[in-house]
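*Asks:* This one is protein_8.cif, mmCIF, C-alpha atoms (C1' of nucleotides).
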data_data
loop_
_atom_site.label_atom_id
_atom_site.label_comp_id
_atom_site.auth_asym_id
_atom_site.auth_seq_id
_atom_site.Cartn_x
_atom_site.Cartn_y
_atom_site.Cartn_z
CA MET A 1 109.65 91.69 85.61
CA GLN A 2 106.34 90.60 84.12
CA SER A 3 104.70 93.44 86.00
CA GLU A 4 101.49 92.97 84.09
CA THR A 5 100.95 89.31 84.79
CA TRP A 6 102.44 88.97 88.25
CA SER A 7 100.67 89.93 91.40
CA PRO A 8 102.22 92.48 93.76
CA ARG A 9 103.01 89.65 96.10
CA GLU A 10 104.88 87.69 93.46
CA ARG A 11 106.72 90.78 92.36
CA MET A 12 107.93 91.37 95.90
CA VAL A 13 109.28 87.83 96.19
CA TYR A 14 111.02 88.19 92.84
CA SER A 15 112.47 91.59 93.68
CA ALA A 16 113.71 90.26 96.98
CA ALA A 17 115.48 87.42 95.19
CA GLN A 18 117.19 89.82 92.79
CA LEU A 19 118.29 92.15 95.56
CA LEU A 20 119.53 89.17 97.55
CA ARG A 21 121.67 88.18 94.61
CA ALA A 22 123.24 91.59 94.27
CA ARG A 23 123.77 92.62 97.87
CA GLY A 24 123.17 89.74 100.25
CA ALA A 25 120.53 89.33 102.89
CA THR A 26 121.59 91.96 105.39
CA ALA A 27 121.94 94.74 102.86
CA THR A 28 118.60 93.98 101.26
CA GLY A 29 116.06 96.38 102.71
CA ILE A 30 112.37 95.70 102.52
CA ARG A 31 111.68 99.30 101.57
CA GLU A 32 113.78 98.85 98.47
CA VAL A 33 112.26 95.48 97.67
CA VAL A 34 108.81 97.00 97.81
CA ALA A 35 109.83 100.00 95.74
CA ARG A 36 111.39 97.86 93.01
CA ALA A 37 108.35 95.64 92.90
CA GLY A 38 106.23 98.69 92.32
CA ALA A 39 104.15 97.42 95.18
CA PRO A 40 102.39 99.41 97.85
CA ARG A 41 104.43 99.61 101.00
CA GLY A 42 101.46 98.77 103.15
CA SER A 43 100.99 95.53 101.29
CA PHE A 44 104.22 94.10 102.55
CA GLN A 45 103.02 93.59 106.07
CA HIS A 46 99.75 92.32 104.72
CA TYR A 47 101.25 89.58 102.59
CA PHE A 48 104.25 88.86 104.78
CA PRO A 49 103.16 88.95 108.40
CA GLY A 50 106.33 87.00 109.17
CA GLY A 51 108.37 90.04 108.20
CA LYS A 52 111.67 90.00 106.41
CA ASP A 53 112.46 86.41 107.29
CA GLN A 54 109.35 85.22 105.51
CA LEU A 55 110.10 87.30 102.44
CA VAL A 56 113.68 86.08 102.22
CA GLY A 57 112.54 82.53 102.82
CA GLU A 58 110.10 82.66 99.94
CA ALA A 59 112.68 84.27 97.71
CA LEU A 60 115.01 81.36 98.41
CA GLU A 61 112.22 78.90 97.72
CA TRP A 62 111.69 80.58 94.39
CA ALA A 63 115.40 80.51 93.61
CA GLY A 64 115.72 76.86 94.59
CA GLY A 65 112.86 75.90 92.32
CA PHE A 66 114.44 77.87 89.50
CA ALA A 67 117.73 76.02 89.87
CA GLU A 68 115.96 72.66 90.00
CA ARG A 69 114.00 73.40 86.85
CA ARG A 70 117.17 74.48 85.12
CA ALA A 71 118.80 71.14 85.89
CA ALA A 72 115.72 69.19 84.88
CA SER A 73 115.50 71.05 81.59
CA TYR A 74 118.76 69.61 80.33
CA PRO A 75 117.66 66.30 78.76
CA ALA A 76 115.30 68.14 76.42
CA THR A 77 118.19 70.11 74.94
CA THR A 78 120.19 67.21 73.54
CA ASP A 79 119.98 63.79 71.95
CA ASP A 80 122.96 62.47 73.82
CA PRO A 81 122.80 63.57 77.46
CA THR A 82 125.99 63.24 79.46
CA PRO A 83 127.02 64.35 82.97
CA ALA A 84 129.50 66.82 81.54
CA GLY A 85 126.79 68.13 79.26
CA LEU A 86 124.51 68.65 82.23
CA PHE A 87 127.18 70.59 84.06
CA ALA A 88 127.88 72.68 80.98
CA HIS A 89 124.15 73.36 80.74
CA MET A 90 123.99 74.55 84.33
CA VAL A 91 127.02 76.78 83.89
CA GLU A 92 125.78 78.11 80.57
CA GLY A 93 122.86 79.76 82.31
CA TRP A 94 125.28 81.76 84.42
CA LYS A 95 127.53 82.66 81.52
CA ALA A 96 124.53 83.99 79.66
CA GLU A 97 123.40 85.99 82.68
CA PHE A 98 126.81 87.57 83.21
CA THR A 99 127.31 88.27 79.53
CA ALA A 100 123.91 89.84 79.03
CA ARG A 101 123.38 91.62 82.33
CA GLY A 102 126.81 92.08 83.81
CA PHE A 103 128.19 90.78 87.05
CA GLU A 104 125.93 92.59 89.45
CA ARG A 105 123.90 89.57 90.42
CA GLY A 106 125.26 86.37 91.87
CA CYS A 107 123.64 83.33 93.40
CA PRO A 108 121.00 84.12 96.03
CA VAL A 109 121.70 80.91 97.93
CA MET A 110 125.37 81.72 98.34
CA ALA A 111 124.65 85.34 99.17
CA THR A 112 122.21 84.41 101.90
CA ALA A 113 124.38 81.61 103.21
CA ALA A 114 127.36 83.94 103.48
CA ASP A 115 125.34 86.35 105.57
CA LEU A 116 123.30 84.05 107.75
CA ALA A 117 124.63 80.49 107.72
CA GLY A 118 126.65 81.12 110.85
CA GLY A 119 123.75 82.14 113.05
CA ASP A 120 120.45 80.52 113.84
CA SER A 121 118.19 82.68 111.72
CA ALA A 122 114.83 81.33 110.69
CA VAL A 123 116.05 81.64 107.12
CA ASN A 124 118.63 78.91 107.54
CA GLY A 125 116.13 76.16 106.86
CA HIS A 126 115.18 77.73 103.57
CA VAL A 127 118.80 78.04 102.48
CA ARG A 128 119.36 74.41 103.27
CA ALA A 129 116.18 73.32 101.54
CA ALA A 130 117.08 75.24 98.40
CA LEU A 131 120.56 73.76 98.33
CA GLU A 132 119.49 70.19 98.93
CA GLY A 133 116.56 70.37 96.55
CA TRP A 134 118.95 71.56 93.90
CA GLY A 135 121.37 68.78 94.76
CA HIS A 136 118.68 66.14 94.53
CA ALA A 137 117.54 67.45 91.16
CA VAL A 138 121.05 67.28 89.78
CA ALA A 139 121.64 63.85 91.28
CA ALA A 140 118.41 62.60 89.73
CA GLU A 141 119.57 63.71 86.30
CA LEU A 142 122.91 62.04 86.80
CA ALA A 143 121.25 58.81 87.83
CA ARG A 144 119.14 58.91 84.70
CA MET A 145 122.33 58.96 82.65
CA GLY A 146 123.69 55.87 84.28
CA VAL A 147 125.66 57.26 87.18
CA PRO A 148 125.41 54.78 90.07
CA ALA A 149 123.05 55.90 92.79
CA GLY A 150 125.75 56.01 95.42
CA ARG A 151 127.88 58.26 93.26
CA ALA A 152 125.27 60.64 91.90
CA GLY A 153 124.79 62.54 95.14
CA ALA A 154 128.50 63.03 95.60
CA LEU A 155 128.98 64.27 92.06
CA ALA A 156 126.04 66.64 92.42
CA THR A 157 127.66 68.08 95.52
CA LEU A 158 130.91 68.53 93.64
CA MET A 159 129.21 70.13 90.67
CA ILE A 160 127.21 72.61 92.69
CA SER A 161 130.16 73.43 94.92
CA ALA A 162 132.41 74.11 91.95
CA LEU A 163 129.69 76.13 90.26
CA GLU A 164 129.09 78.29 93.32
CA GLY A 165 132.77 78.96 93.76
CA ALA A 166 133.21 79.77 90.09
CA ILE A 167 130.23 82.14 90.17
CA MET A 168 131.85 84.04 93.00
CA TRP A 169 135.20 84.13 91.27
CA ALA A 170 133.69 85.23 87.98
CA ARG A 171 131.89 88.11 89.67
CA VAL A 172 135.01 89.23 91.46
CA ARG A 173 137.04 89.16 88.26
CA ARG A 174 134.17 90.37 86.10
CA ASP A 175 135.10 87.64 83.68
CA VAL A 176 133.38 84.36 82.89
CA GLY A 177 136.75 82.59 82.63
CA PRO A 178 136.46 80.68 85.91
CA LEU A 179 133.10 79.29 84.81
CA GLU A 180 134.63 77.98 81.62
CA THR A 181 137.59 76.58 83.50
CA VAL A 182 135.54 74.44 85.87
CA VAL A 183 133.49 73.08 82.98
CA THR A 184 136.58 72.13 81.03
CA GLU A 185 138.43 70.60 83.93
CA LEU A 186 135.52 68.68 85.38
CA ALA A 187 134.21 67.25 82.12
CA PRO A 188 136.34 64.09 81.87
CA LEU A 189 135.75 63.22 85.50
CA LEU A 190 131.99 63.60 85.18
CA ASP A 191 131.68 61.59 82.00
CA SER A 192 133.85 58.78 83.30
CA ALA A 193 131.30 58.24 86.07
CA ALA A 194 128.45 57.53 83.67
CA ARG A 195 129.95 54.41 82.20
CA PRO A 196 129.15 51.08 83.83
CA MET B 1 143.43 86.53 120.06
CA GLN B 2 147.02 87.05 121.20
CA SER B 3 145.86 90.20 122.95
CA GLU B 4 149.15 90.49 124.75
CA THR B 5 151.45 90.42 121.76
CA TRP B 6 149.28 92.09 119.12
CA SER B 7 148.83 95.79 118.85
CA PRO B 8 145.37 97.32 119.02
CA ARG B 9 145.59 97.94 115.32
CA GLU B 10 146.38 94.33 114.53
CA ARG B 11 143.62 93.15 116.81
CA MET B 12 141.12 95.31 114.96
CA VAL B 13 142.12 93.85 111.61
CA TYR B 14 141.89 90.35 113.01
CA SER B 15 138.53 90.96 114.64
CA ALA B 16 137.20 92.43 111.44
CA ALA B 17 138.26 89.32 109.56
CA GLN B 18 136.50 87.05 112.03
CA LEU B 19 133.33 89.10 111.98
CA LEU B 20 133.46 89.18 108.19
CA ARG B 21 133.59 85.41 108.19
CA ALA B 22 130.56 85.05 110.43
CA ARG B 23 128.28 87.75 109.13
CA GLY B 24 129.52 89.24 105.88
CA ALA B 25 130.71 92.74 105.15
CA THR B 26 127.47 94.67 105.49
CA ALA B 27 126.50 93.20 108.82
CA THR B 28 129.94 93.74 110.29
CA GLY B 29 129.80 96.92 112.33
CA ILE B 30 132.78 99.04 113.21
CA ARG B 31 131.63 99.41 116.78
CA GLU B 32 131.53 95.65 117.25
CA VAL B 33 134.91 95.13 115.63
CA VAL B 34 136.43 97.67 117.97
CA ALA B 35 134.71 96.18 121.00
CA ARG B 36 135.86 92.64 120.21
CA ALA B 37 139.39 93.84 119.67
CA GLY B 38 139.32 95.40 123.10
CA ALA B 39 140.51 98.53 121.38
CA PRO B 40 139.60 102.11 122.14
CA ARG B 41 136.87 103.35 119.84
CA GLY B 42 138.72 106.54 119.15
CA SER B 43 141.66 104.60 117.84
CA PHE B 44 139.74 103.28 114.90
CA GLN B 45 139.59 106.55 113.07
CA HIS B 46 143.19 107.17 113.98
CA TYR B 47 144.53 103.94 112.49
CA PHE B 48 142.00 103.67 109.68
CA PRO B 49 141.41 107.12 108.25
CA GLY B 50 140.00 105.35 105.20
CA GLY B 51 137.09 104.15 107.30
CA LYS B 52 135.38 100.81 107.03
CA ASP B 53 136.63 100.14 103.50
CA GLN B 54 140.21 100.32 104.66
CA LEU B 55 139.59 98.03 107.60
CA VAL B 56 137.79 95.44 105.48
CA GLY B 57 140.49 95.70 102.83
CA GLU B 58 143.23 94.98 105.33
CA ALA B 59 141.23 92.12 106.82
CA LEU B 60 141.02 90.57 103.36
CA GLU B 61 144.72 91.09 102.85
CA TRP B 62 145.34 89.25 106.07
CA ALA B 63 143.00 86.44 105.07
CA GLY B 64 144.55 86.11 101.64
CA GLY B 65 147.99 85.82 103.13
CA PHE B 66 146.74 83.20 105.53
CA ALA B 67 145.31 81.09 102.71
CA GLU B 68 148.52 81.41 100.70
CA ARG B 69 150.65 80.33 103.62
CA ARG B 70 148.35 77.39 104.20
CA ALA B 71 148.86 76.20 100.64
CA ALA B 72 152.60 76.77 100.78
CA SER B 73 152.86 74.81 104.02
CA TYR B 74 151.83 71.56 102.36
CA PRO B 75 155.13 70.19 101.04
CA ALA B 76 156.60 70.23 104.52
CA THR B 77 153.91 67.84 105.76
CA THR B 78 154.69 64.89 103.53
CA ASP B 79 157.43 62.96 101.81
CA ASP B 80 155.37 62.33 98.70
CA PRO B 81 153.51 65.50 97.72
CA THR B 82 150.65 65.08 95.26
CA PRO B 83 148.00 67.45 93.92
CA ALA B 84 145.26 65.51 95.66
CA GLY B 85 147.27 65.65 98.85
CA LEU B 86 147.54 69.41 98.53
CA PHE B 87 143.80 69.73 98.11
CA ALA B 88 143.20 67.46 101.07
CA HIS B 89 145.57 69.62 103.08
CA MET B 90 143.67 72.77 102.17
CA VAL B 91 140.34 71.20 103.04
CA GLU B 92 141.66 69.70 106.24
CA GLY B 93 142.16 73.16 107.66
CA TRP B 94 138.47 73.85 107.24
CA LYS B 95 137.37 70.52 108.62
CA ALA B 96 139.44 71.17 111.70
CA GLU B 97 137.97 74.64 112.08
CA PHE B 98 134.39 73.42 111.80
CA THR B 99 134.96 70.49 114.06
CA ALA B 100 136.69 72.47 116.76
CA ARG B 101 134.83 75.77 116.63
CA GLY B 102 131.53 75.00 114.95
CA PHE B 103 130.12 76.38 111.75
CA GLU B 104 129.81 80.00 112.72
CA ARG B 105 132.69 81.22 110.63
CA GLY B 106 133.07 80.73 106.90
CA CYS B 107 135.48 82.12 104.35
CA PRO B 108 135.94 85.90 104.54
CA VAL B 109 136.64 86.16 100.83
CA MET B 110 133.37 84.51 99.89
CA ALA B 111 131.45 86.45 102.51
CA THR B 112 132.75 89.77 101.27
CA ALA B 113 132.35 88.82 97.63
CA ALA B 114 128.74 87.84 98.19
CA ASP B 115 128.01 91.24 99.69
CA LEU B 116 130.05 93.56 97.54
CA ALA B 117 131.20 91.89 94.32
CA GLY B 118 128.24 93.26 92.42
CA GLY B 119 128.94 96.91 93.13
CA ASP B 120 131.97 99.08 92.66
CA SER B 121 133.10 99.28 96.24
CA ALA B 122 136.69 100.14 96.97
CA VAL B 123 136.92 96.74 98.63
CA ASN B 124 136.52 94.87 95.38
CA GLY B 125 140.17 95.17 94.52
CA HIS B 126 141.15 93.57 97.80
CA VAL B 127 138.76 90.67 97.28
CA ARG B 128 140.20 90.07 93.87
CA ALA B 129 143.77 90.34 95.09
CA ALA B 130 143.13 87.85 97.88
CA LEU B 131 141.52 85.39 95.53
CA GLU B 132 144.17 85.62 92.85
CA GLY B 133 147.03 85.56 95.30
CA TRP B 134 145.59 82.38 96.72
CA GLY B 135 145.17 80.95 93.24
CA HIS B 136 148.75 81.71 92.32
CA ALA B 137 150.03 80.11 95.50
CA VAL B 138 148.09 76.93 94.81
CA ALA B 139 149.15 76.89 91.16
CA ALA B 140 152.78 77.29 92.18
CA GLU B 141 152.53 74.24 94.42
CA LEU B 142 150.91 72.25 91.63
CA ALA B 143 153.64 73.24 89.22
CA ARG B 144 156.24 72.09 91.71
CA MET B 145 154.64 68.63 91.64
CA GLY B 146 154.89 68.32 87.92
CA VAL B 147 151.60 69.77 86.73
CA PRO B 148 152.21 71.54 83.41
CA ALA B 149 152.25 75.31 83.71
CA GLY B 150 149.27 75.74 81.44
CA ARG B 151 147.19 73.41 83.54
CA ALA B 152 148.18 74.47 87.03
CA GLY B 153 146.22 77.71 86.99
CA ALA B 154 143.08 76.01 85.77
CA LEU B 155 143.30 73.30 88.40
CA ALA B 156 143.91 75.88 91.10
CA THR B 157 140.76 77.67 90.02
CA LEU B 158 138.82 74.43 90.17
CA MET B 159 140.21 73.52 93.58
CA ILE B 160 139.46 76.86 95.15
CA SER B 161 136.03 77.04 93.56
CA ALA B 162 135.08 73.60 94.80
CA LEU B 163 136.47 74.38 98.23
CA GLU B 164 134.52 77.62 98.53
CA GLY B 165 131.31 75.97 97.48
CA ALA B 166 131.86 73.08 99.84
CA ILE B 167 132.57 75.45 102.72
CA MET B 168 129.26 77.15 102.11
CA TRP B 169 127.42 73.87 101.86
CA ALA B 170 129.06 72.51 104.99
CA ARG B 171 128.05 75.57 106.98
CA VAL B 172 124.48 75.39 105.77
CA ARG B 173 124.23 71.70 106.66
CA ARG B 174 126.38 72.05 109.74
CA ASP B 175 128.19 68.96 108.57
CA VAL B 176 131.66 68.54 107.09
CA GLY B 177 130.35 65.94 104.63
CA PRO B 178 130.50 68.17 101.55
CA LEU B 179 134.14 68.96 102.28
CA GLU B 180 134.97 65.27 102.38
CA THR B 181 132.98 64.66 99.24
CA VAL B 182 134.85 67.15 97.10
CA VAL B 183 138.19 65.81 98.29
CA THR B 184 137.23 62.24 97.46
CA GLU B 185 135.72 63.03 94.08
CA LEU B 186 138.42 65.39 92.91
CA ALA B 187 141.39 63.29 93.99
CA PRO B 188 141.81 61.08 90.90
CA LEU B 189 141.41 64.02 88.54
CA LEU B 190 144.02 66.06 90.37
CA ASP B 191 146.58 63.29 90.60
CA SER B 192 146.19 62.35 86.96
CA ALA B 193 147.33 65.86 86.03
CA ALA B 194 150.68 65.48 87.75
CA ARG B 195 151.94 62.68 85.55
CA PRO B 196 153.82 63.57 82.38
"C1'" DT C 1 160.42 122.90 130.97
"C1'" DC C 2 158.19 123.13 126.62
"C1'" DC C 3 156.18 121.40 122.72
"C1'" DA C 4 155.04 118.31 119.00
"C1'" DT C 5 153.21 114.14 118.05
"C1'" DA C 6 150.73 109.72 118.78
"C1'" DC C 7 147.02 107.99 120.75
"C1'" DT C 8 142.59 107.87 123.35
"C1'" DA C 9 138.00 109.50 124.67
"C1'" DT C 10 133.30 111.03 123.94
"C1'" DG C 11 129.36 113.09 121.99
"C1'" DA C 12 126.71 114.14 118.07
"C1'" DC C 13 125.07 113.81 113.35
"C1'" DA C 14 122.02 112.28 109.43
"C1'" DA C 15 120.51 108.31 107.42
"C1'" DG C 16 118.86 103.90 107.22
"C1'" DC C 17 116.81 99.82 109.22
"C1'" DG C 18 112.55 96.46 110.60
"C1'" DT C 19 108.43 96.82 112.72
"C1'" DC C 20 104.13 98.43 114.40
"C1'" DA C 21 99.68 101.13 114.75
"C1'" DT C 22 96.22 103.07 112.56
"C1'" DA C 23 93.43 104.91 108.91
"C1'" DT C 24 91.37 104.59 104.42
"C1'" DC C 25 89.87 102.42 100.20
"C1'" DG C 26 87.05 99.18 97.38
"C1'" DA C 27 84.46 95.45 96.16
"C1'" DG C 28 81.25 91.56 97.29
"C1'" DC C 29 77.31 90.25 99.79
"C1'" DA C 30 73.20 90.42 102.96
"C1'" DT D 1 71.80 100.75 101.84
"C1'" DG D 2 74.84 98.72 105.37
"C1'" DC D 3 78.57 95.53 106.68
"C1'" DT D 4 82.69 92.95 106.11
"C1'" DC D 5 87.11 92.05 104.85
"C1'" DG D 6 91.07 91.95 101.73
"C1'" DA D 7 94.14 95.40 100.26
"C1'" DT D 8 96.39 99.84 100.44
"C1'" DA D 9 98.25 104.06 102.62
"C1'" DT D 10 100.94 106.69 105.93
"C1'" DG D 11 103.31 108.13 109.92
"C1'" DA D 12 105.96 107.03 113.79
"C1'" DC D 13 108.79 104.12 116.98
"C1'" DG D 14 113.36 102.73 118.71
"C1'" DC D 15 117.56 101.20 117.20
"C1'" DT D 16 121.90 100.82 114.65
"C1'" DT D 17 124.93 102.33 111.23
"C1'" DG D 18 129.36 105.03 109.40
"C1'" DT D 19 131.33 109.19 110.01
"C1'" DC D 20 132.78 113.44 111.91
"C1'" DA D 21 134.22 117.05 115.41
"C1'" DT D 22 136.48 118.09 119.33
"C1'" DA D 23 138.39 117.39 123.06
"C1'" DG D 24 141.82 115.08 126.44
"C1'" DT D 25 146.08 112.29 127.75
"C1'" DA D 26 150.67 110.43 127.24
"C1'" DT D 27 155.17 110.14 125.54
"C1'" DG D 28 159.59 111.46 123.91
"C1'" DG D 29 162.92 114.74 122.15
"C1'" DA D 30 164.93 119.59 122.39
#
Show this structure as C-alpha cells.
*Replies:*
Amino acid sequence: MQSETWSPRERMVYSAAQLLRARGATATGIREVVARAGAPRGSFQHYFPGGKDQLVGEALEWAGGFAERRAASYPATTDDPTPAGLFAHMVEGWKAEFTARGFERGCPVMATAADLAGGDSAVNGHVRAALEGWGHAVAAELARMGVPAGRAGALATLMISALEGAIMWARVRRDVGPLETVVTELAPLLDSAARP
Amino acid sequence: MQSETWSPRERMVYSAAQLLRARGATATGIREVVARAGAPRGSFQHYFPGGKDQLVGEALEWAGGFAERRAASYPATTDDPTPAGLFAHMVEGWKAEFTARGFERGCPVMATAADLAGGDSAVNGHVRAALEGWGHAVAAELARMGVPAGRAGALATLMISALEGAIMWARVRRDVGPLETVVTELAPLLDSAARP
DNA sequence: TCCATACTATGACAAGCGTCATATCGAGCA
DNA sequence: TGCTCGATATGACGCTTGTCATAGTATGGA
C-alpha cells in the first residue's frame, strides 16, 4: 500500500476504496478503514470532517480516476489500436486482479451503487461522476479510433455495462470465464463500429 | 404485497427480496423485513431457524425463479421470436419497473453479490444458483430460436452481464437511457447468431 | 378434557456502528 | 520562552444489528 510514500490521509482513502470493493459501502466501517491504513483513529475526523460520506466520496473519485487512466493507457500498448482491443485491455486488468489476488475485491462503483443508488445519499453524486467520467474516457478512446461521435458514447455504455456485469458474475463463480466470454462475444461488434 | 393471499412466511421472503434490491444485503435488517411484511417478529425465528442467511437465500431463490420465468415468458409474446427480441423483453421489464416505481430498487442478485461475493458467506451458493439458473433459462430460449448450443451459453452470459451493468447505470443516473442503449447496440449481434 | 404442536410475543444480550467532545502532542514562529 | 495550530489520542454517546431465551396463545386430534 505504499505506506512509506503515502500520507495517512491518502492511505485512508485507498483503504476505504479496497474495503468498498470487498464488502460494499454499508459494511465498510471507518474503524476498519483507519486500522488498515495504519492511520491514527483521531486523524479521521481531522481529515474528513464530512464523515463517512466524504471518505467514500473520495474513494470513488480515486477509483474513477483509476478506471479512466486504465482506459487512456491503452493506445500506448499497441501499434494497431482497435475498439475490441481497448475492451480486452480493460477486461485484462480485472482478469489479472482476480488471478493474482483472488475474487475478494470487485468494482467499488458497482458495490457502492448497489448499496446506495436507491436512496438520496450524498455519495450518489460521486458514484455518478465516477461512472460518467469513466464512460467519457472510454468514448474518447473509441472516437480516436474512428468510431463516429454519436456511436462512441453508446458503445462505451455497453462496454462498461457488460464489464460490470461480468465482474460480478466472475466473482460469484470464482472464475474469470464470464470476463473472457464478454470479450469474445463483443469483439466483432466493437470492431465493426470503427470502420467508416 | 398480496397480504391477503400470502402467508406471513411468504411475505417475509418477498419483503426481504425488495429490501435487498433497495439497500443490499448488509443494510437489510431483519427487524425491518419483518415489519414490512406485517409479520410477527417472533415468527421470524420460527420460520427461519437458519437466521438471516436462510432468509436472504430464499429471497434470492425467489428472485432467480422470477427472472427465469420472465425469460421463459418471451415466446408467448410474439409470433416471430428473435434473440434481440428476447433481450428487449428482458430489459423491458426493468424499464417498466423504473418508470412506474422509480429507481429505488435494483437487482437483488447484483446487490447481494456486491456485498457478499468476496467472502465465504453461506449465501454465496444461492447467489450463484440464481445467476446460473437465469443464464440457463436464457440460453434455453436462445437455443430454441436456432442459436447453436455452444454459443447460446456465451450469449446468455453477455446478455445478463450487460443487463446488470445497465441496471446499475440506470439507477445511478435515474434514467432508463443505458437500458435502451444496450438493447439497441446488442440487437444486431444477437440476431446474427440465430442464423445458420 | 387433555395434551402436543404450531405459532406468536417480548425482553435481553453482546457487539458493532458513526459521531462527538476533549485532551495531548509537536513543530514553527514571534 | 511563549503561543498557535495542525495532527494525534482516547473515551463516551446513542443507536442498531443478529441472535437467543423464555414465555404465552391457539389449534386440532385423542
*Asks:* Using all atoms listed in the file, can you tell me which of A:Ser121, A:Gln45, A:Ser15, A:Thr5 comes closest to DT19 of chain C?
*Replies:*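 Ranked by minimum distance to DT19 of chain C, first place goes to A:Gln45.
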*Asks:* Give as an NGL selection string every residue of chain A that touches chain C within 10 Å, counting all atoms listed in the file.
*Replies:* :A and (26-27 or 29-31 or 45 or 51-52)
*Asks:* Might you spell out which residues the PyMOL selection byres ((chain A) within 8 of (chain D)) would select in the displayed file, as a ChimeraX atom specification?
*Replies:* /A:40-43,46
*Asks:* Tell me which residues the PyMOL selection byres ((chain A) within 8 of (chain B)) grabs here, as an MDAnalysis selection string.
*Replies:* chainID A and resid 21:24 26:27 103:106 110:111 113:119 124 127:128 131 154:155 157:166 168:169 171:173 178 181:182 185 189
*Asks:* Would you compute the distance between atom CA of His136 of chain A and atom CA of Ala72 of chain A? Give it in Å to one decimal.
*Replies:*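 Atom CA of Ala72 of chain A lies at a distance of 10.5 Å from atom CA of His136 of chain A.
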*Asks:* Could you check how far atom CA of Ser7 of chain B sits from atom CA of Ser73 of chain B, in Å to one decimal?
*Replies:*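 So the two atoms, atom CA of Ser7 of chain B and atom CA of Ser73 of chain B, lie 26.0 Å apart.
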*Asks:* What gap, in Å, lies between atom CA of Arg9 of chain B and atom CA of Glu68 of chain B?
*Replies:*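 Result for atom CA of Arg9 of chain B versus atom CA of Glu68 of chain B: 22.3 Å, one decimal.
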*Asks:* For the structure provided, state which residues fall under the PyMOL selection byres ((chain B and resi 89-93) around 8), and present them as a PyMOL selection string.
*Replies:* chain B and resi 70-71+74+85-88+94-97+163+179+183
